[in-house]
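Student: Mind having a look at this structure? Questions to follow.
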Amino acid sequence: MKKRVFAMFTVLVLILTTLAGCGGGSGRETTAKESTGEETTGGETTADIIGSDSEDAVQLELWTFIAQHQNFYEAMLEKWNENNPDKQISIKCNVMPYDDMHNKLQIALTAGDGAPDIVDIELGKFANFTQGTPELMDLTEYAAPYREDIVESRLQLYSKDGALYGLPTHVGATVAFYNAELLEEADINWEDIKTWDDYEEAGSQYKEATGKSFGTADTYATWQLNAVMAQLGTDYLDADGNLQINNEKLVQALDMFKDMQDAGAIDTIAGGQPDTEEGKGAFNNGEFAAMIMPLWMMSRFTDEMTDLEGKIAIAAIPTMDGAQALSVGGGGTGTAVVKNKENAELAAEFLAYAKLSYDANVMVWEVLGFDPVNMSIWEDESITHDENNKYIQYFVNNPFDVLNEIKDGIALLESQTSSKYPSINDYFVATALNEIFEDGISSQEATDSAQDYLASELE
Amino acid sequence: MIKKFIYSKKIAPYVFIVPFILTFLIFWIVPIIKSGMMSFQSIQFTEVEWIGLDNYKRLLGDSQFRLAVFNSVRYMIGTLILLIPIPMIFACFINSKVMKGKEFFKSVFFIPALTSVVVAGTIFRLIFGEMGSSLMNQFIGIFGLEPIKWLKNDWTAFFALLTLACWRWTGVNMLYFLSGLQSIPKELYESAQVDGANAWQKFIKISVPMLKPTIIYVLTISIYAGLSMFVESYMLWEGKNSPKNIGLTIVGYLYNQGIRKNNMGYASAVGLILLIIVMVINVAQLTVTGLFKKEEK
C-alpha cells in the first residue's frame with residue numbers, strides 16, 4: 001500500500017515537473033513599463049564597449065533599459081576622458097528590456113554577485129532597491145558640487161533617510177498640452193485656462209461644440225491625480241509614512257476629476273492614459289484636445305504624433321485657490337552605483353559628472369529631449385531658444401517659458417520615495433481609478449477599499 | 001573491470017537514466033526544497049530572516065490572492081470544457097475517410113502552437129481593443145451592437161483569454177486525439193458497421209471509450225496548464241496589472257510579488273500553494289479516472 005502511494009506520488013511529480021518544463025519560462029521579452037517617462041528598448045539585449053581604448057582605462061559595467069541612454073553615456077564618456085587624462089574610463093554598456101533588466105538586477109543584488117557598477121533604475125522600481133540596507137552607494141558627497149543648480153525635489157525622489165541613492169535624468173514637470181488649433185476652431189483660447197474651473201468649462205464647451213472629447217480621465221496613470229494632490233497639499237502617506245489613502249483632500253481631488261467627467265470635460269481614453277499606443281493615436285487623430293502630462297511627453301509628440309506639428313501648446317497646469325504647488329515631477333529614471341565594488345568611487349564620480357553637470361544637462365535636452373534637472377540651462381538663451389532644436393520647432397510656444405514660470409513650484413510627493421509607493425500606484429492604476437471612472441463608484445468608497453486593501457498588504 | 005561495469009546488464013539501465021535523474025534533482029527537487037525554505041523567510045537582497053508562518057498567514061487573508069485563485073480555477077475549468085470536446089470532434093473529422101484536405105487542416109490548426117505567445121498576445125490585445133475600430137468591435141458592430149471595452153470588463157476579458165487559449169491549443173490537443181484515434185483497430189468500426197451502428201453511435205460507443213487514456217492525459221496537462229497560465233494574461237495587458245485584476249492568475253500574482261515587488265519569500269509561499277492545489281486536483285482526478293488501478297493487479 002505504502003509503495004503504491006509512493007509510486008503514485010512519484011509519477012505525478014514526474015508528470016508535473018516535465019510539463020512545467022514545457023509550459024513555463026517562455027517568452028517574457030516585453031517592453032512593459034510602468035511609470036517611466038522614457039521610451040524603453042525593444043526585445044533586444046545588446047552589449048557594447050564604449051569610451052577609452054587606452055590600456056590603463058578602468059572598465060566599468062553599465063546596465064540600462066533605454067537604448068538612447070547608451071548614446072548619451074557615450075557622449076558624456078568622451079568628454080570625461082578628454083578632461084581627465086589620469087582617470088580614463090571605458091564602459092561595457094548592456095542595453096536590456098525593461099523587465100529583464102530590473103529582474104536581473106534584483107537577482108544579482110540578492111545573490112551578491114554579478115551586478116554592474118552603474119545602473120539605470122526606473123522610478124516605479126526604485127523603492128524596491130532601497131528597502132532594508134540598500135546595496136546601492138550613497139552619492140551625496142559626489143553630487144555636492146552640482147547640488148545648488150539642481151531641482152532639489154528630483155534628488156529627494158531618489159533619497160532615503162538622508163542618503164542619495166540615484167541621480168535623476170529629468171524633471172518631468174507635469175504640464176498641460178493643448179491642441180491649440182482644435183481649440184481655436186471651437187472658440188476656446190488655451191491661454192485663458194488658468195484654474196481647474198476654467199479647464200472644466202472649456203472642456204464642456206468644447207465637447208458641446210464639437211462632440212469630441214477634451215481632456216482625459218486617466219484610468220491607468222496617476223500623473224494628473226498626483227499633480228492635483230500636490231496642489232491640495234496631500235499625499236498617499238502621512239508624515240510618519242502611514243497610509244492615508246481615504247483622506248479628505250485625496251477624495252476631493254478624485255471628486256474634482258469625477259465632476260469633470262460628469263460635465264463632459266474629460267473622458268476615459270483607450271489604453272487608460274495618453275502615453276499608450278491607443279492614446280497617442282487618439283490624440284494624433286484629434287479625438288482629444290488636452291492632456292495633463294509630464295514634460296517628457298514632448299518627445300512622444302515629435303516622434304510619434306507628427307501630424308500635430310505646430311499645433312500643440314504647452315502651459316502650466318490649471319490651478320486652484322490656495323494651491324500649495326504649481327506642478328509635480330512625474331516618472332523618471334534614477335541612475336545608481338552599486339556599492340562595495342572595486343571601482344565604485346570612480347563610477348560615482350563619473351556618474352555625478354555625467355548626470356548633474358552643466359554639459360550633461362545640455363546633452364539631456366539635446367539628445368534625449370527631457371527637461372534637464374540643472375536649472376542653469378533653463379536660462380541659457382543659446383539653448384532655450386535654439387531655432388534648430390526639433391522640440392523648440394515643434395511646439396507653438398517655448399517649453400522653457402513654461403518651466404521658468406513654474407520653477408519654484410515643482411513639488412514632490414514624499415510617498416514616491418517610500419517602498420510602499422509601487423504597491424499604492426499599482427492599486428490605483430489597476431483598481432481604484434477604474435472603479436471611479438469606468439464603473440462610477442464614488443471616490444470615497446473606492447479610496448476606502450484602497451485603504452483597507454493596502455493596509456492589509458503593507459502594514 | 002571497467003568493461004565489465006559498462007556491459008553489465010544490471011547497471012546499464014541506471015547509467016541511461018542518470019542524466020534525467022540529475023537534471024530532475026538539480027533543477028526540480030532542489031528548487032522545490034529551496035522555495036519551501038524561502039516560504040518561511042523574509043528576503044531583502046542579502047538579508048534573510050526566518051519569519052515562521054507569517055507568509056502563509058498573510059496569504060490566508062489576502063483578497064488579491066483569492067481573486068487570483070478564482071481566476072485561475074475559472075480559466076482552468078473553461079479550458080477543460082472547451083479544449084477537450086472540440087479538439088476531439090475535430091480529430092474525428094480529420095480522421096474520417098470522407099474528409100478532404102486532412103494535411104491542410106492539421107497544419108492550419110497546429111500553426112498557432114508554434115507562434116510565440118508574446119506575438120499572439122499582442123495581436124489579441126489589438127483585436128480586443130476598446131476602440132470602435134478594433135476587430136471584435138467591428139464584428140459585433142455588424143449586428144448593430146455598441147463597442148465593448150473588452151479588456152476592462154470581467155467576463156469579456158475572460159472570453160478573450162479563452163479565445164486565445166482555444167486558438168492556441170486546439171491544434172495540439174487535436175493531434176493528441178488524432179494519434180489516439182489512429183491506434184483504435186479498424187475492425188471495431190467494421191463490426192459496428194455490420195451491426196448497423198450509425199456514426200454517432202460509433203463515436204460514443206467506440207471512439208470515446210478507446211480514447212480514454214488520451215483523454216486522461218489531456219485532462220492532466222490541461223489542469224496544470226490552466227492553473228499555471230501566465231504569459232497569456234501578461235501579454236494581453238502588456239505586462240501591466242489588468243483593470244481590477246480581472247486577468248490576475250496565481251502565477252501572475254507570484255510574479256508580481258516575487259519579481260516586481262521583491263518579495264521572494266511571499267512569492268515562494270504562493271508557488272507552494274499552487275503546487276499543492278495542482279497536486280490535489282490531479283491526484284483526485286487520476287484516482288477517479290483510474291490511472292493507478294493497474295498497479296493493483
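To be explicit about the labels: the chains of the C-alpha cells are called A, B, and onward in the order shown, and within each one the residues are counted from 1, while ligands get numbers from 1 in the order they are shown.
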Kindly provide, as a list in words, the residues of chain A having any atom no farther than 6 Å from an atom of chain B, counting only C-alpha atoms.

Tutor: Ala32, Leu109, Thr110, Ala430 and Thr431 of chain A

Student: What lies within 12 Å of B:Pro185 using only C-alpha atoms, ignoring chain neighbours under 4 positions off, as number ranges by chain?

Tutor: B: 180-181, 189-192, 206-207, 210-211

Student: Keeping C-alpha atoms, export the residues of the selection given above as a compact mmCIF listing (two decimals), in the first residue's frame.

Tutor:
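Okay, out_13.txt is ready:
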# COMPACT_ATOMS: atom_id res chain seq x y z
CA GLY B 180 -5.22 8.13 -30.13
CA LEU B 181 -7.83 7.57 -32.81
CA TYR B 189 -15.67 0.09 -36.59
CA GLU B 190 -16.20 -2.53 -39.28
CA SER B 191 -18.07 -4.88 -36.98
CA ALA B 192 -20.12 -1.97 -35.65
CA ILE B 206 -16.13 3.09 -29.68
CA SER B 207 -14.07 6.23 -30.15
CA MET B 210 -10.99 3.81 -26.65
CA LEU B 211 -9.64 7.33 -26.30

Student: So that I can check the surroundings of A:Thr447, please list as a PDB file with N, CA and C atoms, in the first residue's frame every protein, DNA and RNA residue that reaches within 12 Å of it, counting only C-alpha atoms and ignoring chain neighbours fewer than 6 positions away.

Tutor:
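Writing the result to part00.pdb gives the following:
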ATOM      1  N   TYR A 236      -0.336  60.266  -0.386  1.00  0.00           N
ATOM      2  CA  TYR A 236      -0.876  58.944  -0.064  1.00  0.00           C
ATOM      3  C   TYR A 236      -0.485  58.520   1.354  1.00  0.00           C
ATOM      4  N   LEU A 243      -0.329  54.897   5.795  1.00  0.00           N
ATOM      5  CA  LEU A 243      -1.288  55.082   4.705  1.00  0.00           C
ATOM      6  C   LEU A 243      -2.390  56.059   5.097  1.00  0.00           C
ATOM      7  N   GLN A 244      -2.704  56.973   4.195  1.00  0.00           N
ATOM      8  CA  GLN A 244      -3.881  57.815   4.410  1.00  0.00           C
ATOM      9  C   GLN A 244      -4.583  58.007   3.064  1.00  0.00           C
ATOM     10  N   ILE A 245      -4.929  56.878   2.457  1.00  0.00           N
ATOM     11  CA  ILE A 245      -5.461  56.889   1.107  1.00  0.00           C
ATOM     12  C   ILE A 245      -6.830  57.560   1.045  1.00  0.00           C
ATOM     13  N   ASN A 246      -7.652  57.313   2.070  1.00  0.00           N
ATOM     14  CA  ASN A 246      -9.019  57.853   2.004  1.00  0.00           C
ATOM     15  C   ASN A 246      -9.141  59.207   2.700  1.00  0.00           C
ATOM     16  N   ASN A 247      -8.036  59.989   2.686  1.00  0.00           N
ATOM     17  CA  ASN A 247      -8.141  61.290   3.355  1.00  0.00           C
ATOM     18  C   ASN A 247      -8.969  62.254   2.516  1.00  0.00           C
ATOM     19  N   GLU A 248      -9.471  63.264   3.204  1.00  0.00           N
ATOM     20  CA  GLU A 248     -10.443  64.186   2.629  1.00  0.00           C
ATOM     21  C   GLU A 248      -9.965  64.828   1.329  1.00  0.00           C
ATOM     22  N   LYS A 249      -8.708  65.273   1.332  1.00  0.00           N
ATOM     23  CA  LYS A 249      -8.218  66.017   0.169  1.00  0.00           C
ATOM     24  C   LYS A 249      -8.004  65.118  -1.037  1.00  0.00           C
ATOM     25  N   LEU A 250      -7.564  63.899  -0.767  1.00  0.00           N
ATOM     26  CA  LEU A 250      -7.381  62.983  -1.891  1.00  0.00           C
ATOM     27  C   LEU A 250      -8.737  62.672  -2.524  1.00  0.00           C
ATOM     28  N   VAL A 251      -9.726  62.484  -1.678  1.00  0.00           N
ATOM     29  CA  VAL A 251     -11.080  62.252  -2.187  1.00  0.00           C
ATOM     30  C   VAL A 251     -11.554  63.483  -2.964  1.00  0.00           C
ATOM     31  N   GLN A 252     -11.216  64.659  -2.430  1.00  0.00           N
ATOM     32  CA  GLN A 252     -11.586  65.904  -3.107  1.00  0.00           C
ATOM     33  C   GLN A 252     -10.963  65.963  -4.515  1.00  0.00           C
ATOM     34  N   ALA A 253      -9.683  65.565  -4.618  1.00  0.00           N
ATOM     35  CA  ALA A 253      -9.006  65.577  -5.914  1.00  0.00           C
ATOM     36  C   ALA A 253      -9.703  64.639  -6.895  1.00  0.00           C
ATOM     37  N   LEU A 254     -10.028  63.440  -6.398  1.00  0.00           N
ATOM     38  CA  LEU A 254     -10.691  62.479  -7.281  1.00  0.00           C
ATOM     39  C   LEU A 254     -12.085  62.966  -7.672  1.00  0.00           C
ATOM     40  N   ASP A 255     -12.787  63.552  -6.692  1.00  0.00           N
ATOM     41  CA  ASP A 255     -14.124  64.080  -6.983  1.00  0.00           C
ATOM     42  C   ASP A 255     -14.070  65.168  -8.050  1.00  0.00           C
ATOM     43  N   ILE A 424       1.032  51.140  -3.900  1.00  0.00           N
ATOM     44  CA  ILE A 424      -0.058  52.120  -3.940  1.00  0.00           C
ATOM     45  C   ILE A 424      -0.392  52.450  -5.387  1.00  0.00           C
ATOM     46  N   TYR A 427      -2.175  49.685  -7.104  1.00  0.00           N
ATOM     47  CA  TYR A 427      -3.588  49.562  -6.750  1.00  0.00           C
ATOM     48  C   TYR A 427      -4.419  50.643  -7.431  1.00  0.00           C
ATOM     49  N   PHE A 428      -3.893  51.846  -7.480  1.00  0.00           N
ATOM     50  CA  PHE A 428      -4.661  52.923  -8.116  1.00  0.00           C
ATOM     51  C   PHE A 428      -4.883  52.662  -9.596  1.00  0.00           C
ATOM     52  N   THR A 431      -7.027  49.240  -9.990  1.00  0.00           N
ATOM     53  CA  THR A 431      -8.349  49.092  -9.415  1.00  0.00           C
ATOM     54  C   THR A 431      -9.077  50.415  -9.166  1.00  0.00           C
ATOM     55  N   ALA A 432      -8.519  51.240  -8.290  1.00  0.00           N
ATOM     56  CA  ALA A 432      -9.291  52.395  -7.808  1.00  0.00           C
ATOM     57  C   ALA A 432      -9.750  53.311  -8.950  1.00  0.00           C
ATOM     58  N   LEU A 433      -8.838  53.678  -9.837  1.00  0.00           N
ATOM     59  CA  LEU A 433      -9.212  54.622 -10.899  1.00  0.00           C
ATOM     60  C   LEU A 433     -10.227  54.014 -11.860  1.00  0.00           C
ATOM     61  N   ASN A 434     -10.114  52.718 -12.093  1.00  0.00           N
ATOM     62  CA  ASN A 434     -11.110  52.052 -12.928  1.00  0.00           C
ATOM     63  C   ASN A 434     -12.480  52.063 -12.273  1.00  0.00           C
ATOM     64  N   GLU A 435     -12.478  51.816 -10.951  1.00  0.00           N
ATOM     65  CA  GLU A 435     -13.761  51.812 -10.248  1.00  0.00           C
ATOM     66  C   GLU A 435     -14.445  53.168 -10.368  1.00  0.00           C
ATOM     67  N   ILE A 436     -13.641  54.221 -10.230  1.00  0.00           N
ATOM     68  CA  ILE A 436     -14.230  55.560 -10.226  1.00  0.00           C
ATOM     69  C   ILE A 436     -14.668  55.997 -11.624  1.00  0.00           C
ATOM     70  N   ILE A 441     -18.204  54.131  -9.283  1.00  0.00           N
ATOM     71  CA  ILE A 441     -18.210  54.007  -7.823  1.00  0.00           C
ATOM     72  C   ILE A 441     -17.713  55.329  -7.224  1.00  0.00           C
ATOM     73  N   TYR A 453      -7.355  47.510   1.542  1.00  0.00           N
ATOM     74  CA  TYR A 453      -6.522  46.512   0.882  1.00  0.00           C
ATOM     75  C   TYR A 453      -5.044  46.773   1.141  1.00  0.00           C
ATOM     76  N   LEU A 454      -4.641  48.042   0.929  1.00  0.00           N
ATOM     77  CA  LEU A 454      -3.216  48.358   1.058  1.00  0.00           C
ATOM     78  C   LEU A 454      -2.735  48.181   2.493  1.00  0.00           C
ATOM     79  N   ALA A 455      -3.618  48.487   3.456  1.00  0.00           N
ATOM     80  CA  ALA A 455      -3.228  48.286   4.849  1.00  0.00           C
ATOM     81  C   ALA A 455      -2.938  46.815   5.097  1.00  0.00           C
TER      82      ALA A 455
END

Student: Near A:Thr319, within 12 Å and counting only C-alpha atoms, which residues show up once chain neighbours fewer than 2 positions away are dropped, as a ChimeraX atom specification?

Tutor: /A:175-176,193-200,224,227-232,253,315-317,321-327,406,409

Student: Only C-alpha atoms, please: the residues just picked out, written as a PDB file, in the first residue's frame.

Tutor:
ATOM      1  CA  VAL A 175       2.274  70.443 -17.601  1.00  0.00           C
ATOM      2  CA  ALA A 176      -0.760  70.818 -19.821  1.00  0.00           C
ATOM      3  CA  ILE A 193      -7.358  78.371 -18.905  1.00  0.00           C
ATOM      4  CA  LYS A 194      -5.920  79.245 -15.501  1.00  0.00           C
ATOM      5  CA  THR A 195      -7.904  77.275 -12.959  1.00  0.00           C
ATOM      6  CA  TRP A 196      -9.448  73.832 -12.894  1.00  0.00           C
ATOM      7  CA  ASP A 197     -12.849  75.508 -13.150  1.00  0.00           C
ATOM      8  CA  ASP A 198     -11.700  77.128 -16.407  1.00  0.00           C
ATOM      9  CA  TYR A 199     -10.474  73.744 -17.573  1.00  0.00           C
ATOM     10  CA  GLU A 200     -13.821  72.143 -16.842  1.00  0.00           C
ATOM     11  CA  GLN A 224      -2.761  64.336 -13.173  1.00  0.00           C
ATOM     12  CA  ALA A 227      -0.347  66.950  -9.617  1.00  0.00           C
ATOM     13  CA  VAL A 228      -3.677  67.914  -8.096  1.00  0.00           C
ATOM     14  CA  MET A 229      -2.764  66.136  -4.870  1.00  0.00           C
ATOM     15  CA  ALA A 230       0.397  68.234  -4.677  1.00  0.00           C
ATOM     16  CA  GLN A 231      -1.639  71.379  -5.292  1.00  0.00           C
ATOM     17  CA  LEU A 232      -4.002  70.440  -2.486  1.00  0.00           C
ATOM     18  CA  ALA A 253      -9.006  65.577  -5.914  1.00  0.00           C
ATOM     19  CA  ALA A 315       1.100  75.568 -20.488  1.00  0.00           C
ATOM     20  CA  ALA A 316       1.336  75.317 -16.749  1.00  0.00           C
ATOM     21  CA  ILE A 317      -1.366  73.027 -15.416  1.00  0.00           C
ATOM     22  CA  ASP A 321      -7.386  78.878  -4.838  1.00  0.00           C
ATOM     23  CA  GLY A 322      -4.820  78.263  -2.163  1.00  0.00           C
ATOM     24  CA  ALA A 323      -2.791  75.815  -4.227  1.00  0.00           C
ATOM     25  CA  GLN A 324       0.380  74.721  -2.465  1.00  0.00           C
ATOM     26  CA  ALA A 325       2.286  73.797  -5.608  1.00  0.00           C
ATOM     27  CA  LEU A 326       2.206  74.507  -9.317  1.00  0.00           C
ATOM     28  CA  SER A 327       3.343  71.184 -10.631  1.00  0.00           C
ATOM     29  CA  ILE A 406       6.577  77.061 -12.544  1.00  0.00           C
ATOM     30  CA  GLY A 409       6.520  75.380  -7.530  1.00  0.00           C
TER      31      GLY A 409
END

Student: Check stretch 200-432 of chain A with DSSP on the backbone and list each residue it calls strand (DSSP E), as a PyMOL selection string.

Tutor: chain A and resi 215-216+266-267+290-294+312-316+327-328+333-337+410-411
